[in-house]
Amino acid sequence: MQPEPVRLMPPKSKASVAAPGPESGPSGPRARKAIRSVWTPDSLQGRDYHGRRWVYTQASVQPRGFSVGINLSPERECDYRCRYCGIPKIDLRAPGPVEGQELTLELEQTLQAIRSGELFRHPAYRRFPSDWKTLSRVMLSGEGEPTLCPNFNEVVERLVHSRARGRHAFFQLVLETNGSGLERPEVLDGLGLFTSQDEVWVKLDAGTEDRFRFMSGVDLPFDRVLARILAMGLRRPVVIHSLFARVDGSPPSRSEITAYLECLGRLRAQGAMIQRVQIRSVTRPPAASGCSHLPLGILSDIARQVRREVGVEAEIS
Ligand code: SF4
């Protein structure tokens with residue numbers, strides 16, 4: 001069972017968990033303009049920005065510890081409209097570039113706050129088990145689709161550089177994506193900097209065209225979605241990230257699950273390297289979505305079928 005997400009109380013000062021930084025950095029006047037707290041008490045995303053713009057922290061269940069997240073979609077830009085998405089979307093517009101220098105400063109401050117233990121002195125984290133108080137990974141994720149970021153490659157370069165400096169504990173890089181930008185040269189260049197320890201998590205929530213369109217809210221040929229996963233899976237191992245939900249009270253049909261398993265099987269047969277499959281369900285989606293949580297027993301059953309019929313490791317995440 002997932003623990004309740006951890007949220008910081010509004011910081012007393014805008015740099016309450018940050019290491020001292022230059023006035024032009026995230027604790028300076030510019031960042032103060034961007035300070036926001038998008039997460040309401042109803043949100044289960046569990047992301048804490050600590051007054052920063054691009055970088056947030058999030059308690060993660062697997063592996064136990066802290067994820068530092070990089071939000072490449074400051075205006076929640078995403079080309080999907082998933083029914084279960086807990087993040088209200090505005091009309092699609094191309095995201096602007098990430099301000100790389102600002103991101104680097106924010107990342108350094110966040111990593112320093114984790115390393116020094118300053119982050120965990122905040123009341124919201126004090127009771128955290130000590131073995132969770134470590135950095136586990138840095139996620140390219142956020143409030144929209146990260147592969148739409150126009151300077152994706154620069155962002156990855158900055159993260160890789162920060163890791164290579166060795167000032168903080170080693171962290172894994174993870175890209176969490178719906179797959180839509182995986183063919184972009186900018187993204188391919190950035191992913192070329194990922195090592196074998198880093199991971200690419202690609203969304204696959206359906207096994208049929210109808211279910212895909214219904215769940216994603218986009219009019220995109222399902223074959224195209226699968227082709228993108230295949231193309232990435234031929235380049236490097238991918239983690240398939242799948243969400244199943246009750247919709248209007250009904251779980252996914254047996255035929256839908258069969259079709260999903262067949263998709264995975266076809267991808268493998270075509271040569272895609274599937275590292276593992278993550279099965280999850282919704283936590284608290286928008287009330288109007290009609291989506292609700294699937295019991296653990298059903299999720300476990302899907303994971304069992306993935307292991308048995310596709311021959312790939314599967315976990316409930
Ligand atoms: S792809 Fe992710 S961010 Fe975009 S609508 Fe779907 S769940 Fe939300």
# chains A, B, ... in the order shown; residues from 1 in each chain; ligands from 1

call {"tool": "select_by_dssp", "arguments": {"residues": "stretch 33-189 of chain A", "states": "strand (DSSP E)", "output": "PyMOL selection string"}}
result
chain A and resi 55-60+65-71+135-141+172-177

call {"tool": "residues_near_ligand", "arguments": {"ligand": "ligand 1", "cutoff": "7 Å", "atoms": "only C-alpha atoms and all ligand atoms", "output": "PyMOL selection string"}}
result
chain A and resi 78-82+84-87+143-145+177-178+216

call {"tool": "write_last_selection", "arguments": {"atoms": "N, CA and C atoms", "output": "PDB file, in the first residue's frame"}}
result
ATOM      1  N   CYS A  78       1.019  19.218 -22.148  1.00  0.00           N
ATOM      2  CA  CYS A  78       0.992  17.793 -22.483  1.00  0.00           C
ATOM      3  C   CYS A  78       0.096  17.618 -23.690  1.00  0.00           C
ATOM      4  N   ASP A  79       0.484  16.704 -24.572  1.00  0.00           N
ATOM      5  CA  ASP A  79      -0.335  16.467 -25.757  1.00  0.00           C
ATOM      6  C   ASP A  79      -1.349  15.348 -25.529  1.00  0.00           C
ATOM      7  N   TYR A  80      -1.378  14.752 -24.351  1.00  0.00           N
ATOM      8  CA  TYR A  80      -2.401  13.780 -24.002  1.00  0.00           C
ATOM      9  C   TYR A  80      -3.416  14.434 -23.067  1.00  0.00           C
ATOM     10  N   ARG A  81      -4.549  13.818 -22.967  1.00  0.00           N
ATOM     11  CA  ARG A  81      -5.574  14.275 -22.034  1.00  0.00           C
ATOM     12  C   ARG A  81      -6.118  13.054 -21.283  1.00  0.00           C
ATOM     13  N   CYS A  82      -5.229  12.375 -20.586  1.00  0.00           N
ATOM     14  CA  CYS A  82      -5.623  11.116 -19.931  1.00  0.00           C
ATOM     15  C   CYS A  82      -6.810  11.368 -18.986  1.00  0.00           C
ATOM     16  N   TYR A  84      -7.559  10.021 -16.328  1.00  0.00           N
ATOM     17  CA  TYR A  84      -7.262   9.909 -14.903  1.00  0.00           C
ATOM     18  C   TYR A  84      -6.253  10.944 -14.430  1.00  0.00           C
ATOM     19  N   CYS A  85      -5.772  11.779 -15.344  1.00  0.00           N
ATOM     20  CA  CYS A  85      -4.690  12.695 -14.973  1.00  0.00           C
ATOM     21  C   CYS A  85      -5.168  13.640 -13.873  1.00  0.00           C
ATOM     22  N   GLY A  86      -4.382  13.716 -12.830  1.00  0.00           N
ATOM     23  CA  GLY A  86      -4.756  14.572 -11.706  1.00  0.00           C
ATOM     24  C   GLY A  86      -4.300  16.009 -11.875  1.00  0.00           C
ATOM     25  N   ILE A  87      -3.721  16.303 -13.023  1.00  0.00           N
ATOM     26  CA  ILE A  87      -3.173  17.641 -13.225  1.00  0.00           C
ATOM     27  C   ILE A  87      -3.978  18.337 -14.310  1.00  0.00           C
ATOM     28  N   GLU A 143       4.695  17.912 -14.503  1.00  0.00           N
ATOM     29  CA  GLU A 143       3.250  18.143 -14.614  1.00  0.00           C
ATOM     30  C   GLU A 143       2.737  18.016 -16.037  1.00  0.00           C
ATOM     31  N   GLY A 144       3.585  17.623 -16.948  1.00  0.00           N
ATOM     32  CA  GLY A 144       3.177  17.467 -18.340  1.00  0.00           C
ATOM     33  C   GLY A 144       4.075  16.444 -19.007  1.00  0.00           C
ATOM     34  N   GLU A 145       4.262  16.596 -20.312  1.00  0.00           N
ATOM     35  CA  GLU A 145       5.051  15.618 -21.045  1.00  0.00           C
ATOM     36  C   GLU A 145       6.480  16.144 -21.248  1.00  0.00           C
ATOM     37  N   THR A 177       7.583   9.146 -19.549  1.00  0.00           N
ATOM     38  CA  THR A 177       7.051   9.783 -20.753  1.00  0.00           C
ATOM     39  C   THR A 177       5.828   9.048 -21.289  1.00  0.00           C
ATOM     40  N   ASN A 178       4.974   9.810 -21.986  1.00  0.00           N
ATOM     41  CA  ASN A 178       3.894   9.141 -22.720  1.00  0.00           C
ATOM     42  C   ASN A 178       4.395   8.676 -24.089  1.00  0.00           C
ATOM     43  N   SER A 216      -6.518   7.929 -23.225  1.00  0.00           N
ATOM     44  CA  SER A 216      -5.551   9.019 -23.426  1.00  0.00           C
ATOM     45  C   SER A 216      -6.217  10.321 -23.843  1.00  0.00           C
TER      46      SER A 216
END

call {"tool": "select_by_dssp", "arguments": {"residues": "stretch 79-210 of chain A", "states": "helix (DSSP H, G or I)", "output": "VMD selection string"}}
result
chain A and resid 100 to 116 119 to 121 130 to 132 146 to 148 152 to 165 185 to 191 209 to 210

call {"tool": "closest_residue", "arguments": {"among": "A:Leu135, A:Val247, A:Leu234, A:Cys263", "to": "A:Ser116", "atoms": "only C-alpha atoms"}}
result
A:Leu135

call {"tool": "residues_around", "arguments": {"residues": "stretch 95-97 of chain A", "least_positions_apart": "5", "cutoff": "7 Å", "atoms": "only C-alpha atoms", "output": "PDB file with N, CA and C atoms, in the first residue's frame"}}
result
ATOM      1  N   SER A  73       7.603  21.023 -17.668  1.00  0.00           N
ATOM      2  CA  SER A  73       6.341  21.524 -18.226  1.00  0.00           C
ATOM      3  C   SER A  73       5.727  22.536 -17.261  1.00  0.00           C
ATOM      4  N   GLU A  77       2.182  21.575 -19.917  1.00  0.00           N
ATOM      5  CA  GLU A  77       1.982  21.243 -21.323  1.00  0.00           C
ATOM      6  C   GLU A  77       2.026  19.731 -21.528  1.00  0.00           C
ATOM      7  N   LEU A 148       8.408  17.009 -24.701  1.00  0.00           N
ATOM      8  CA  LEU A 148       8.058  18.165 -25.532  1.00  0.00           C
ATOM      9  C   LEU A 148       9.003  19.333 -25.279  1.00  0.00           C
ATOM     10  N   CYS A 149       9.835  19.212 -24.281  1.00  0.00           N
ATOM     11  CA  CYS A 149      10.726  20.308 -23.887  1.00  0.00           C
ATOM     12  C   CYS A 149      11.695  20.630 -25.040  1.00  0.00           C
ATOM     13  N   PRO A 150      11.733  21.885 -25.488  1.00  0.00           N
ATOM     14  CA  PRO A 150      12.582  22.194 -26.647  1.00  0.00           C
ATOM     15  C   PRO A 150      14.067  22.042 -26.384  1.00  0.00           C
ATOM     16  N   ASN A 151      14.506  22.197 -25.142  1.00  0.00           N
ATOM     17  CA  ASN A 151      15.944  21.995 -24.870  1.00  0.00           C
ATOM     18  C   ASN A 151      16.161  20.794 -23.941  1.00  0.00           C
TER      19      ASN A 151
END
